[in-house]
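J.: Take a look at this one; I'll ask things after.
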Amino acid sequence: MMTNEEMEASAKRSLAALPAQFRQHLSDVVVRVQDVADADMLESVGLTHPMQLSGLYSGRPIDTKSIWDIPGATPDRIYLFRRPILAEARNRDIPLKRMIHHVMIHEIGHHFGLSDDDMHALEDEG
């Protein structure tokens, strides 16, 4: 079973594989892995059970940032939740690295200001 540290390394490889035009806007985003989301994280997205959430973007999307933002303020973060990702990969019979990449792309979409509906529509088109 993959540890938090191994999952974080896999997520960072996923970021590094993105085209440069995207990576340049992600250099200050911090990636963190924890076993499950805490109660505040779940509440922020309207969920009640920690196994319902595999990833979370915390921050301001780049399309809402301005020159007046304070440099060095709390960085944007992408959280990956290890247990739900492991369970979903197993249940869907998807390679774990592919599942991690999928969750990362979804959370990166939020960083770029896309809603869940926007991302689902893009996935349906692809």
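Residue numbering restarts at 1 in every chain; chains get A, B, ... in the order shown in the structure tokens, and ligands count up from 1 in that same order.
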If DSSP is run on the backbone, what residues of segment 1-117 of chain A are helix (DSSP H, G or I)? A reply as a tab-separated table (two decimals) with N, CA and C atoms, in the first residue's frame would be ideal.

T.:
chain	number	residue	atom	x	y	z
A	4	ASN	N	1.75	8.04	2.51
A	4	ASN	CA	1.47	9.45	2.21
A	4	ASN	C	2.63	10.06	1.43
A	5	GLU	N	3.86	9.76	1.84
A	5	GLU	CA	5.04	10.32	1.19
A	5	GLU	C	5.15	9.84	-0.25
A	6	GLU	N	4.88	8.57	-0.48
A	6	GLU	CA	4.94	8.03	-1.84
A	6	GLU	C	3.85	8.63	-2.72
A	7	MET	N	2.66	8.85	-2.15
A	7	MET	CA	1.58	9.45	-2.91
A	7	MET	C	1.91	10.90	-3.25
A	8	GLU	N	2.51	11.62	-2.30
A	8	GLU	CA	2.90	13.00	-2.55
A	8	GLU	C	3.94	13.06	-3.68
A	9	ALA	N	4.89	12.15	-3.67
A	9	ALA	CA	5.91	12.10	-4.73
A	9	ALA	C	5.26	11.81	-6.08
A	10	SER	N	4.30	10.91	-6.11
A	10	SER	CA	3.58	10.60	-7.34
A	10	SER	C	2.81	11.82	-7.84
A	11	ALA	N	2.18	12.54	-6.93
A	11	ALA	CA	1.43	13.75	-7.29
A	11	ALA	C	2.37	14.81	-7.86
A	12	LYS	N	3.54	14.96	-7.28
A	12	LYS	CA	4.50	15.95	-7.78
A	12	LYS	C	5.04	15.55	-9.15
A	13	ARG	N	5.19	14.27	-9.41
A	13	ARG	CA	5.58	13.82	-10.75
A	13	ARG	C	4.48	14.15	-11.75
A	14	SER	N	3.24	14.05	-11.31
A	14	SER	CA	2.10	14.39	-12.17
A	14	SER	C	2.17	15.88	-12.54
A	15	LEU	N	2.47	16.73	-11.57
A	15	LEU	CA	2.62	18.16	-11.83
A	15	LEU	C	3.77	18.42	-12.80
A	16	ALA	N	4.88	17.76	-12.57
A	16	ALA	CA	6.08	17.96	-13.40
A	16	ALA	C	5.85	17.54	-14.84
A	20	ALA	N	4.61	23.22	-19.84
A	20	ALA	CA	5.21	24.37	-19.16
A	20	ALA	C	4.23	25.51	-18.93
A	21	GLN	N	3.32	25.75	-19.89
A	21	GLN	CA	2.40	26.88	-19.73
A	21	GLN	C	1.47	26.70	-18.53
A	22	PHE	N	1.25	25.45	-18.09
A	22	PHE	CA	0.45	25.20	-16.89
A	22	PHE	C	1.34	25.21	-15.65
A	23	ARG	N	2.49	24.56	-15.75
A	23	ARG	CA	3.41	24.47	-14.60
A	23	ARG	C	3.80	25.84	-14.09
A	39	ALA	N	-13.15	17.37	9.28
A	39	ALA	CA	-14.56	17.81	9.28
A	39	ALA	C	-14.74	19.15	8.58
A	40	ASP	N	-13.83	20.10	8.79
A	40	ASP	CA	-13.95	21.41	8.14
A	40	ASP	C	-13.83	21.30	6.62
A	41	MET	N	-12.92	20.47	6.16
A	41	MET	CA	-12.76	20.27	4.72
A	41	MET	C	-14.02	19.67	4.12
A	42	LEU	N	-14.55	18.66	4.77
A	42	LEU	CA	-15.78	18.03	4.28
A	42	LEU	C	-16.92	19.03	4.23
A	43	GLU	N	-17.07	19.80	5.29
A	43	GLU	CA	-18.15	20.78	5.35
A	43	GLU	C	-18.01	21.82	4.24
A	44	SER	N	-16.76	22.21	3.90
A	44	SER	CA	-16.54	23.24	2.89
A	44	SER	C	-17.06	22.83	1.51
A	50	PRO	N	-15.71	11.09	5.29
A	50	PRO	CA	-14.37	11.31	4.75
A	50	PRO	C	-14.01	10.46	3.54
A	51	MET	N	-14.67	9.34	3.34
A	51	MET	CA	-14.36	8.52	2.18
A	51	MET	C	-15.01	9.05	0.89
A	52	GLN	N	-15.80	10.13	1.01
A	52	GLN	CA	-16.44	10.73	-0.16
A	52	GLN	C	-15.53	11.72	-0.89
A	62	ILE	N	-6.52	31.32	-9.89
A	62	ILE	CA	-5.66	32.36	-10.46
A	62	ILE	C	-6.44	33.44	-11.18
A	63	ASP	N	-7.63	33.13	-11.65
A	63	ASP	CA	-8.41	34.17	-12.35
A	63	ASP	C	-9.03	35.19	-11.40
A	64	THR	N	-8.91	34.97	-10.08
A	64	THR	CA	-9.44	35.93	-9.11
A	64	THR	C	-8.33	36.66	-8.35
A	82	ARG	N	-5.47	10.02	0.92
A	82	ARG	CA	-4.91	8.72	0.56
A	82	ARG	C	-5.92	7.59	0.60
A	83	ARG	N	-6.63	7.42	1.70
A	83	ARG	CA	-7.54	6.27	1.83
A	83	ARG	C	-8.65	6.29	0.78
A	84	PRO	N	-9.33	7.42	0.53
A	84	PRO	CA	-10.34	7.43	-0.52
A	84	PRO	C	-9.75	7.17	-1.92
A	85	ILE	N	-8.56	7.68	-2.19
A	85	ILE	CA	-7.93	7.44	-3.49
A	85	ILE	C	-7.61	5.97	-3.65
A	86	LEU	N	-7.04	5.36	-2.61
A	86	LEU	CA	-6.73	3.93	-2.68
A	86	LEU	C	-8.00	3.10	-2.91
A	87	ALA	N	-9.06	3.44	-2.18
A	87	ALA	CA	-10.31	2.70	-2.30
A	87	ALA	C	-10.93	2.88	-3.69
A	88	GLU	N	-10.93	4.11	-4.21
A	88	GLU	CA	-11.53	4.35	-5.52
A	88	GLU	C	-10.74	3.64	-6.62
A	89	ALA	N	-9.41	3.70	-6.54
A	89	ALA	CA	-8.59	3.01	-7.55
A	89	ALA	C	-8.87	1.50	-7.53
A	90	ARG	N	-8.98	0.95	-6.34
A	90	ARG	CA	-9.26	-0.48	-6.20
A	90	ARG	C	-10.67	-0.81	-6.71
A	91	ASN	N	-11.66	-0.02	-6.31
A	91	ASN	CA	-13.05	-0.28	-6.70
A	91	ASN	C	-13.28	-0.13	-8.20
A	92	ARG	N	-12.57	0.80	-8.82
A	92	ARG	CA	-12.74	1.05	-10.26
A	92	ARG	C	-11.71	0.28	-11.10
A	96	LEU	N	-3.16	2.89	-9.59
A	96	LEU	CA	-3.10	3.94	-8.57
A	96	LEU	C	-2.48	5.23	-9.10
A	97	LYS	N	-1.41	5.15	-9.85
A	97	LYS	CA	-0.78	6.36	-10.38
A	97	LYS	C	-1.73	7.11	-11.31
A	98	ARG	N	-2.53	6.39	-12.07
A	98	ARG	CA	-3.51	7.03	-12.95
A	98	ARG	C	-4.60	7.72	-12.13
A	99	MET	N	-5.01	7.09	-11.03
A	99	MET	CA	-6.02	7.70	-10.16
A	99	MET	C	-5.48	8.97	-9.51
A	100	ILE	N	-4.24	8.92	-9.05
A	100	ILE	CA	-3.61	10.11	-8.44
A	100	ILE	C	-3.55	11.23	-9.47
A	101	HIS	N	-3.14	10.91	-10.68
A	101	HIS	CA	-3.06	11.91	-11.75
A	101	HIS	C	-4.45	12.50	-12.02
A	102	HIS	N	-5.47	11.67	-12.07
A	102	HIS	CA	-6.84	12.14	-12.30
A	102	HIS	C	-7.27	13.14	-11.23
A	103	VAL	N	-7.01	12.80	-9.97
A	103	VAL	CA	-7.40	13.69	-8.87
A	103	VAL	C	-6.59	14.99	-8.95
A	104	MET	N	-5.30	14.89	-9.25
A	104	MET	CA	-4.47	16.09	-9.37
A	104	MET	C	-5.00	17.01	-10.47
A	105	ILE	N	-5.31	16.45	-11.63
A	105	ILE	CA	-5.82	17.27	-12.74
A	105	ILE	C	-7.12	17.95	-12.34
A	106	HIS	N	-7.97	17.25	-11.62
A	106	HIS	CA	-9.23	17.82	-11.16
A	106	HIS	C	-8.97	19.02	-10.23
A	107	GLU	N	-8.07	18.84	-9.27
A	107	GLU	CA	-7.79	19.93	-8.32
A	107	GLU	C	-7.06	21.09	-9.00
A	108	ILE	N	-6.19	20.78	-9.95
A	108	ILE	CA	-5.53	21.83	-10.72
A	108	ILE	C	-6.57	22.62	-11.51
A	109	GLY	N	-7.59	21.94	-11.99
A	109	GLY	CA	-8.69	22.64	-12.67
A	109	GLY	C	-9.32	23.69	-11.79
A	110	HIS	N	-9.49	23.40	-10.51
A	110	HIS	CA	-10.03	24.39	-9.57
A	110	HIS	C	-9.07	25.57	-9.43
A	111	HIS	N	-7.77	25.29	-9.42
A	111	HIS	CA	-6.77	26.37	-9.34
A	111	HIS	C	-6.91	27.32	-10.52
A	116	ASP	N	-16.64	22.14	-10.90
A	116	ASP	CA	-16.82	20.70	-11.11
A	116	ASP	C	-17.61	20.44	-12.39
A	117	ASP	N	-18.66	21.24	-12.63
A	117	ASP	CA	-19.47	21.07	-13.83
A	117	ASP	C	-18.64	21.31	-15.09

J.: Could you jot down the atom CA of Val45 of chain A to atom CA of Met2 of chain A separation for me, Å, one decimal place?

T.: 25.9 Å

J.: Which is closer to Gln34 of chain A than all the others in A:Leu18, A:Met1, A:Leu80, A:Leu47, using only C-alpha atoms?

T.: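 Closest to Gln34 of chain A, using only C-alpha atoms: A:Leu80.
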
J.: From the options A:Asp28, A:Pro75, A:Val33, A:Phe81, which residue's atoms come nearest to Ser54 of chain A, counting only C-alpha atoms?

T.: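 For Ser54 of chain A, the nearest of the given residues is A:Phe81.
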
J.: Kindly indicate which residue among A:Val29, A:Ala37, A:Thr74, A:Tyr79 lies nearest to Tyr57 of chain A, using only C-alpha atoms for the distances.

T.: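 So, comparing all the options, the nearest one is A:Tyr79.
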
J.: Could you please determine the separation between atom CA of Ser58 of chain A and atom CA of Ser27 of chain A in Å, to one decimal place?

T.: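 Distance reported for this atom pair: 15.0 Å.
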